[in-house]
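As stored in query.cif (mmCIF, C-alpha atoms):
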data_my_file
#
loop_
_atom_site.label_atom_id
_atom_site.label_comp_id
_atom_site.auth_asym_id
_atom_site.auth_seq_id
_atom_site.Cartn_x
_atom_site.Cartn_y
_atom_site.Cartn_z
CA MET A 1 14.18 3.32 -3.69
CA ARG A 2 13.66 6.77 -5.26
CA LEU A 3 9.97 7.58 -5.71
CA PRO A 4 8.62 9.39 -8.77
CA VAL A 5 6.39 11.43 -6.43
CA SER A 6 7.23 13.88 -3.65
CA PRO A 7 9.65 12.84 -0.89
CA VAL A 8 8.40 10.72 1.99
CA ALA A 9 6.19 12.79 4.29
CA ALA A 10 5.44 10.15 6.95
CA VAL A 11 6.68 6.74 8.09
CA ALA A 12 5.13 4.11 10.37
CA GLN A 13 6.42 0.78 11.62
CA GLN A 14 4.28 -1.97 13.03
CA GLN A 15 4.59 -5.56 14.23
CA SER A 16 1.52 -7.78 14.24
CA CYS A 17 1.20 -11.41 15.27
CA HIS A 18 -1.36 -14.06 14.41
CA ALA A 19 -1.90 -17.34 16.26
CA GLY A 20 -2.30 -20.39 14.07
CA GLN A 21 -5.37 -22.58 14.31
CA HIS A 22 -5.18 -26.27 15.16
CA ASN A 23 -8.56 -27.97 15.12
CA TRP A 24 -10.50 -30.64 13.23
CA LYS A 25 -10.99 -28.37 10.23
CA ILE A 26 -7.89 -26.14 10.07
CA ASP A 27 -4.34 -27.06 10.98
CA ASP A 28 -1.99 -24.16 10.23
CA GLU A 29 1.68 -25.03 9.85
CA TYR A 30 2.59 -22.51 12.56
CA ASP A 31 1.61 -21.73 16.15
CA LEU A 32 2.53 -18.05 15.94
CA SER A 33 3.40 -15.89 12.92
CA CYS A 34 4.54 -12.27 13.23
CA VAL A 35 4.81 -9.77 10.41
CA ALA A 36 6.85 -6.57 10.47
CA THR A 37 5.54 -3.75 8.27
CA ARG A 38 7.08 -0.40 7.37
CA THR A 39 4.77 2.05 5.63
CA THR A 40 5.76 5.29 3.92
CA LEU A 41 3.43 8.03 2.67
CA SER A 42 4.35 10.46 -0.12
CA PRO A 43 2.04 13.16 -1.52
CA GLY A 44 1.31 13.73 -5.20
CA ASP A 45 -0.99 15.90 -7.32
CA VAL A 46 -4.25 14.40 -8.64
CA PRO A 47 -3.92 15.90 -12.16
CA ALA A 48 -0.60 14.00 -12.55
CA PHE A 49 -1.85 10.86 -10.79
CA ARG A 50 -1.85 8.41 -13.72
CA GLU A 51 1.60 9.48 -14.92
CA GLN A 52 3.04 9.34 -11.39
CA ALA A 53 1.46 5.93 -10.70
CA LEU A 54 2.96 4.45 -13.88
CA ALA A 55 6.35 5.99 -13.04
CA LEU A 56 6.11 4.38 -9.60
CA HIS A 57 5.41 1.00 -11.22
CA GLU A 58 8.43 1.39 -13.53
CA GLN A 59 10.64 2.28 -10.55
CA LEU A 60 9.38 -0.72 -8.55
CA VAL A 61 10.08 -3.09 -11.46
CA ALA A 62 13.55 -1.54 -11.91
CA ASP A 63 14.18 -2.17 -8.20
CA GLY A 64 13.33 -5.87 -8.60
CA TRP A 65 9.69 -5.93 -7.47
CA THR A 66 7.34 -8.25 -9.36
CA GLY A 67 3.67 -7.44 -9.81
CA ASP A 68 0.99 -9.73 -11.15
CA TYR A 69 -2.63 -9.12 -12.15
CA ALA A 70 -2.92 -6.64 -9.24
CA ALA A 71 0.05 -4.42 -10.20
CA VAL A 72 -0.33 -0.68 -10.77
CA PRO A 73 -0.95 -0.84 -14.57
CA ALA A 74 -3.81 -3.31 -14.07
CA VAL A 75 -5.38 -1.19 -11.32
CA LEU A 76 -5.17 1.87 -13.55
CA GLN A 77 -6.63 0.08 -16.56
CA ASP A 78 -9.39 -1.75 -14.71
CA TYR A 79 -10.47 1.06 -12.38
CA TRP A 80 -8.93 4.50 -12.95
CA ASP A 81 -9.36 4.57 -16.73
CA VAL A 82 -12.97 3.43 -16.42
CA LEU A 83 -14.15 5.44 -13.40
CA SER A 84 -12.00 8.57 -13.12
CA SER A 85 -14.27 10.60 -15.41
CA ASP A 86 -16.71 10.64 -12.47
CA ARG A 87 -15.65 13.67 -10.43
CA ALA A 88 -16.52 11.84 -7.22
CA TYR A 89 -13.96 9.11 -7.97
CA SER A 90 -10.47 9.73 -6.57
CA PRO A 91 -7.19 7.83 -6.17
CA GLY A 92 -8.29 6.92 -2.64
CA ASP A 93 -11.13 4.87 -4.12
CA LEU A 94 -8.77 2.52 -5.98
CA PRO A 95 -8.00 -1.00 -4.76
CA SER A 96 -4.43 -1.69 -3.71
CA ALA A 97 -1.68 -2.93 -6.01
CA GLN A 98 0.49 -5.88 -4.94
CA TYR A 99 4.17 -6.70 -5.52
CA VAL A 100 6.68 -9.23 -4.20
CA ARG A 101 10.48 -9.38 -4.04
CA GLY A 102 11.88 -12.48 -2.40
CA GLU A 103 10.41 -12.72 1.11
CA LEU A 104 9.10 -9.15 0.99
CA ARG A 105 5.56 -8.13 0.10
CA LEU A 106 4.64 -4.62 -1.01
CA GLU A 107 1.16 -3.16 -0.95
CA VAL A 108 0.60 0.12 -2.82
CA ARG A 109 -2.43 2.15 -1.74
CA TRP A 110 -3.57 5.65 -2.54
CA LEU A 111 -5.20 8.04 -0.09
CA SER A 112 -7.12 11.14 -1.04
CA ALA A 113 -9.14 13.80 0.71
CA GLY A 114 -12.27 12.82 -1.21
CA GLY A 115 -11.74 9.07 -1.07
CA ARG A 116 -12.02 6.49 1.63
CA PHE A 117 -9.23 6.06 4.14
CA PRO A 118 -8.23 2.38 4.31
CA SER A 119 -8.76 0.70 7.66
CA GLU A 120 -5.94 -1.83 7.32
CA PRO A 121 -3.57 -1.91 10.31
CA SER A 122 -0.71 -0.74 8.09
CA LEU A 123 -2.51 2.60 7.79
CA SER A 124 -4.75 3.04 10.80
CA GLY A 125 -3.12 1.16 13.67
CA ALA A 126 0.38 2.59 13.49
CA ALA A 127 1.77 5.90 14.66
CA TYR A 128 3.08 7.95 11.76
CA THR A 129 6.01 10.31 12.13
CA ALA A 130 7.49 12.93 9.82
CA PRO A 131 11.14 12.59 8.75
CA ASP A 132 12.04 14.89 11.67
CA GLY A 133 10.30 12.54 14.16
CA ALA A 134 7.22 14.70 14.80
CA PRO A 135 3.86 12.86 14.93
CA VAL A 136 1.78 13.08 11.72
CA ASP A 137 -1.91 12.46 11.04
CA PRO A 138 -1.92 10.74 7.60
CA ARG A 139 -5.27 12.28 6.74
CA GLY A 140 -3.71 15.74 6.97
CA LEU A 141 -1.21 15.03 4.19
CA VAL A 142 -3.64 15.53 1.32
CA SER A 143 -5.73 18.45 0.13
CA ALA A 144 -8.58 18.27 -2.38
CA GLU A 145 -6.20 18.29 -5.37
CA GLN A 146 -3.70 15.87 -3.85
CA TYR A 147 -3.33 12.22 -3.00
CA ALA A 148 -0.77 10.27 -1.01
CA VAL A 149 0.77 7.00 -2.10
CA SER A 150 1.22 4.48 0.69
CA LEU A 151 3.95 1.86 0.28
CA ALA A 152 3.67 -0.87 2.92
CA VAL A 153 6.57 -3.34 2.87
CA SER A 154 6.01 -6.47 4.99
CA THR A 155 7.98 -9.54 5.89
CA GLU A 156 7.42 -12.40 8.28
CA SER A 157 9.69 -11.67 11.24
CA PHE A 158 8.89 -14.68 13.43
CA ARG A 159 7.32 -18.09 12.98
CA ALA A 160 7.07 -20.92 15.47
#

This entry written out as structure tokens:
Amino acid sequence: MRLPVSPVAAVAQQQSCHAGQHNWKIDDEYDLSCVATRTTLSPGDVPAFREQALALHEQLVADGWTGDYAAVPAVLQDYWDVLSSDRAYSPGDLPSAQYVRGELRLEVRWLSAGGRFPSEPSLSGAAYTAPDGAPVDPRGLVSAEQYAVSLAVSTESFRA
């Protein structure tokens, strides 16, 4: 997939597993479920954020991803368009956007120097590397006038 923002600056891969519950109240249909996630981070410039975010959505749709009420245009309309006039509000303050394609799930998040840094495992629990293999701190990818788009693609890799 070609991104309408800068090239990928960092990549992380992670495998997480969750044990199913089997008790009087909850009976999951699995004993163990594992999910493999690959996350990429690409920087962009805050003044071009809205245009770049919509271009990303168009590229995702062209690549076969389906978004619903939580797709990029809805996030922009419901949050960015309403709150971005406040100088303290940044792309990192936005909720994530969600897409699916077959068995794959895609979560789009934005990180910014002035915004919060998400604590989800796909961002905080994995080791990020640059394209050349060198370790990268994701927080160091953005300056005050930049943001980074995080694309986390997940699929269930094991279920028993």

Near-stretch 31-44 of chain A list (6 Å; all atoms listed in the file; drop same-chain fewer than 6 positions) as a ChimeraX atom specification: /A:5-20,146-160

Nearest residue to A:Glu103 from the set A:Tyr89, A:Tyr128, A:Trp65, A:Trp80 (distances using only C-alpha atoms):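 Checking each of A:Tyr89, A:Tyr128, A:Trp65, A:Trp80 against A:Glu103, counting only C-alpha atoms, the winner is A:Trp65.
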
Best match for closeness to A:Gln52 among A:Arg105, A:Lys25, A:Pro73, A:Arg139, counting all atoms listed in the file: A:Pro73

Put the listed atoms of stretch 64-67 of chain A in a box along x, y and z with 4 Å added on every side and give me the centre and edge lengths in Å to one decimal, as AutoDock Vina command-line options.
--center_x 8.5 --center_y -7.1 --center_z -8.6 --size_x 17.7 --size_y 10.4 --size_z 10.3

Coordinates-based distance that separates atom CA of A:Ala48 from atom CA of A:Ser84 (Å, one decimal):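 Atom-to-atom, atom CA of A:Ser84 to atom CA of A:Ala48, that is 12.6 Å.
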
Output check: residues returned by the PyMOL selection byres ((chain A and resi 79) around 12), as a PyMOL selection string: chain A and resi 50+70+72-78+80-86+89-97

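The space separating atom CA of A:Ala144 from atom CA of A:Ser112 comes to 7.4 Å.
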
Atomic separation - atom CA of A:Leu106 relative to atom CA of A:His57, Å: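 According to the coordinates, atom CA of A:His57 and atom CA of A:Leu106 are separated by 11.7 Å.
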
Chain and number of each residue from the PyMOL selection byres ((chain A and resi 66) around 7), as an NGL selection string: :A and (61 or 64-65 or 67-68 or 99-101)

Generate the output file for the selected residues, C-alpha atoms, as an mmCIF file, in the coordinates of the input.
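result23.cif was written with the following content:
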data_model
loop_
_atom_site.group_PDB
_atom_site.id
_atom_site.type_symbol
_atom_site.label_atom_id
_atom_site.label_comp_id
_atom_site.auth_asym_id
_atom_site.auth_seq_id
_atom_site.Cartn_x
_atom_site.Cartn_y
_atom_site.Cartn_z
ATOM 1 C CA VAL A 61 10.080 -3.090 -11.460
ATOM 2 C CA GLY A 64 13.330 -5.870 -8.600
ATOM 3 C CA TRP A 65 9.690 -5.930 -7.470
ATOM 4 C CA GLY A 67 3.670 -7.440 -9.810
ATOM 5 C CA ASP A 68 0.990 -9.730 -11.150
ATOM 6 C CA TYR A 99 4.170 -6.700 -5.520
ATOM 7 C CA VAL A 100 6.680 -9.230 -4.200
ATOM 8 C CA ARG A 101 10.480 -9.380 -4.040
#

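Using all atoms listed in the file for every distance, the candidate list A:Ile26, A:Leu111, A:Leu141, A:Ala71 yields A:Ala71 as the residue closest to A:Leu56.
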
Can I get stretch 124-148 of chain A with N, CA, C and O atoms filled in, as a CSV table (one decimal), keeping the file's coordinate frame?
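Now in rebuild_39.csv:
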chain,number,residue,atom,x,y,z
A,124,SER,N,-4.0,2.4,9.7
A,124,SER,CA,-4.8,3.0,10.8
A,124,SER,C,-4.2,2.7,12.2
A,124,SER,O,-4.4,3.4,13.1
A,125,GLY,N,-3.5,1.6,12.3
A,125,GLY,CA,-3.1,1.2,13.7
A,125,GLY,C,-1.7,1.6,14.1
A,125,GLY,O,-1.3,1.3,15.2
A,126,ALA,N,-1.0,2.2,13.2
A,126,ALA,CA,0.4,2.6,13.5
A,126,ALA,C,0.5,4.1,13.7
A,126,ALA,O,-0.3,4.9,13.2
A,127,ALA,N,1.5,4.5,14.4
A,127,ALA,CA,1.8,5.9,14.7
A,127,ALA,C,2.7,6.4,13.6
A,127,ALA,O,3.8,5.9,13.4
A,128,TYR,N,2.3,7.4,12.8
A,128,TYR,CA,3.1,8.0,11.8
A,128,TYR,C,3.9,9.1,12.3
A,128,TYR,O,3.5,9.9,13.1
A,129,THR,N,5.1,9.2,11.8
A,129,THR,CA,6.0,10.3,12.1
A,129,THR,C,6.6,10.9,10.9
A,129,THR,O,6.8,10.2,9.8
A,130,ALA,N,6.8,12.2,10.9
A,130,ALA,CA,7.5,12.9,9.8
A,130,ALA,C,9.0,12.6,9.8
A,130,ALA,O,9.5,12.0,10.8
A,131,PRO,N,9.7,12.9,8.8
A,131,PRO,CA,11.1,12.6,8.8
A,131,PRO,C,11.9,13.2,9.9
A,131,PRO,O,12.9,12.6,10.4
A,132,ASP,N,11.4,14.3,10.5
A,132,ASP,CA,12.0,14.9,11.7
A,132,ASP,C,11.6,14.3,13.0
A,132,ASP,O,12.0,14.7,14.1
A,133,GLY,N,10.7,13.2,12.9
A,133,GLY,CA,10.3,12.5,14.2
A,133,GLY,C,9.0,13.1,14.8
A,133,GLY,O,8.5,12.5,15.7
A,134,ALA,N,8.5,14.1,14.3
A,134,ALA,CA,7.2,14.7,14.8
A,134,ALA,C,6.0,13.8,14.4
A,134,ALA,O,6.0,13.3,13.3
A,135,PRO,N,5.0,13.6,15.3
A,135,PRO,CA,3.9,12.9,14.9
A,135,PRO,C,3.1,13.5,13.8
A,135,PRO,O,3.1,14.7,13.6
A,136,VAL,N,2.5,12.6,12.9
A,136,VAL,CA,1.8,13.1,11.7
A,136,VAL,C,0.4,12.3,11.6
A,136,VAL,O,0.4,11.1,11.8
A,137,ASP,N,-0.6,13.1,11.3
A,137,ASP,CA,-1.9,12.5,11.0
A,137,ASP,C,-1.9,12.2,9.5
A,137,ASP,O,-1.9,13.2,8.8
A,138,PRO,N,-2.0,11.0,9.0
A,138,PRO,CA,-1.9,10.7,7.6
A,138,PRO,C,-3.0,11.4,6.8
A,138,PRO,O,-2.8,11.8,5.7
A,139,ARG,N,-4.2,11.6,7.4
A,139,ARG,CA,-5.3,12.3,6.7
A,139,ARG,C,-5.0,13.7,6.4
A,139,ARG,O,-5.5,14.3,5.5
A,140,GLY,N,-4.1,14.3,7.2
A,140,GLY,CA,-3.7,15.7,7.0
A,140,GLY,C,-2.7,16.0,5.9
A,140,GLY,O,-2.3,17.1,5.6
A,141,LEU,N,-2.2,14.9,5.2
A,141,LEU,CA,-1.2,15.0,4.2
A,141,LEU,C,-1.8,15.4,2.8
A,141,LEU,O,-1.0,15.8,1.9
A,142,VAL,N,-3.1,15.3,2.6
A,142,VAL,CA,-3.6,15.5,1.3
A,142,VAL,C,-4.7,16.6,1.3
A,142,VAL,O,-5.6,16.6,2.2
A,143,SER,N,-4.7,17.5,0.3
A,143,SER,CA,-5.7,18.4,0.1
A,143,SER,C,-6.7,17.9,-1.0
A,143,SER,O,-6.4,16.8,-1.5
A,144,ALA,N,-7.6,18.7,-1.4
A,144,ALA,CA,-8.6,18.3,-2.4
A,144,ALA,C,-7.9,17.9,-3.7
A,144,ALA,O,-8.4,17.0,-4.4
A,145,GLU,N,-6.8,18.6,-4.1
A,145,GLU,CA,-6.2,18.3,-5.4
A,145,GLU,C,-5.0,17.4,-5.2
A,145,GLU,O,-4.1,17.4,-6.1
A,146,GLN,N,-4.8,16.7,-4.1
A,146,GLN,CA,-3.7,15.9,-3.8
A,146,GLN,C,-4.1,14.5,-3.5
A,146,GLN,O,-5.3,14.2,-3.2
A,147,TYR,N,-3.2,13.6,-3.5
A,147,TYR,CA,-3.3,12.2,-3.0
A,147,TYR,C,-2.0,11.9,-2.3
A,147,TYR,O,-1.0,12.6,-2.4
A,148,ALA,N,-2.0,10.8,-1.6
A,148,ALA,CA,-0.8,10.3,-1.0
A,148,ALA,C,-0.7,8.8,-1.4
A,148,ALA,O,-1.6,8.1,-1.4
